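Presented below is the structure to which this report refers.
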Amino acid sequence: MMMFLRGTPSDEQINHNIKWLRREVWFEEIYSTNEELFEKDEDLRYIVGSAKVERVLAREGRTDRLREKIIEAVKASSYKYSS
């Protein structure tokens, strides 16, 4: 389980960030096939909710790092919920 040092993002913040991220082709592909995980996995929701999405999407390197974190969390969540 992930440590939540900055507190848990609100559902409103998470939904706001998902809305912004869904404008990105790479995220839409991940989200559309894993929507249920984005709704129930707290680690994945924390990653999405705590990201400063507008800043991240402005820089390619930051976008790549966020994409890698999301992909890792989806893989871990898929494993966690498949057993």
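Ordering of the structure tokens sets the chain letters (A, B, ...), residue numbers begin anew at 1 in every chain, and ligands are numbered from 1 in the order given.
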
Selection: 7 Å around Asn17 of chain A, only C-alpha atoms, excl. self and same-chain fewer than 3 positions, as a ChimeraX atom specification: /A:13-14,20-21,48-49,53

Neighbour list for segment 24-35 of chain A as a VMD selection string, cut-off 9 Å, only C-alpha atoms, skip fewer than 6 positions in-chain: chain A and resid 18 57 67 70 to 71 74 78

Only N, CA and C atoms, please: the residues just picked out, written as an mmCIF file, in the first residue's frame.
data_model
loop_
_atom_site.group_PDB
_atom_site.id
_atom_site.type_symbol
_atom_site.label_atom_id
_atom_site.label_comp_id
_atom_site.auth_asym_id
_atom_site.auth_seq_id
_atom_site.Cartn_x
_atom_site.Cartn_y
_atom_site.Cartn_z
ATOM 1 N N ILE A 18 -8.904 13.261 -13.752
ATOM 2 C CA ILE A 18 -9.268 12.264 -14.771
ATOM 3 C C ILE A 18 -9.837 12.961 -16.002
ATOM 4 N N LEU A 57 1.210 17.973 -17.724
ATOM 5 C CA LEU A 57 0.961 17.876 -19.165
ATOM 6 C C LEU A 57 1.697 18.951 -19.966
ATOM 7 N N ARG A 67 2.783 8.906 -16.710
ATOM 8 C CA ARG A 67 2.303 7.759 -17.476
ATOM 9 C C ARG A 67 2.901 6.462 -16.931
ATOM 10 N N ILE A 70 1.259 5.575 -13.603
ATOM 11 C CA ILE A 70 -0.104 5.086 -13.799
ATOM 12 C C ILE A 70 -0.085 3.661 -14.343
ATOM 13 N N ILE A 71 0.764 3.397 -15.313
ATOM 14 C CA ILE A 71 0.853 2.050 -15.888
ATOM 15 C C ILE A 71 1.283 1.047 -14.820
ATOM 16 N N VAL A 74 -1.650 0.454 -12.480
ATOM 17 C CA VAL A 74 -2.691 -0.359 -13.128
ATOM 18 C C VAL A 74 -2.283 -1.827 -13.108
ATOM 19 N N SER A 78 -4.347 -4.560 -11.147
ATOM 20 C CA SER A 78 -4.912 -5.680 -11.886
ATOM 21 C C SER A 78 -4.556 -6.989 -11.195
#

DSSP alpha helix (DSSP H) selection over chain A, as an NGL selection string: :A and (11-21 or 25-33 or 35-40 or 42-50 or 53-58 or 60-82)

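For the pair atom CA of Leu44 of chain A and atom CA of Ala73 of chain A, the interatomic distance is 5.6 Å.
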
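You will find atom CA of Leu66 of chain A at 7.9 Å from atom CA of Ala51 of chain A.
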
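Between His16 of chain A and the candidates A:Glu72, A:Glu36, A:Glu60, A:Glu54, the tightest atom-to-atom separation, counting only C-alpha atoms, involves A:Glu54.
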
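Coordinates place atom CA of Asp11 of chain A at a distance of 9.8 Å from atom CA of Glu39 of chain A.
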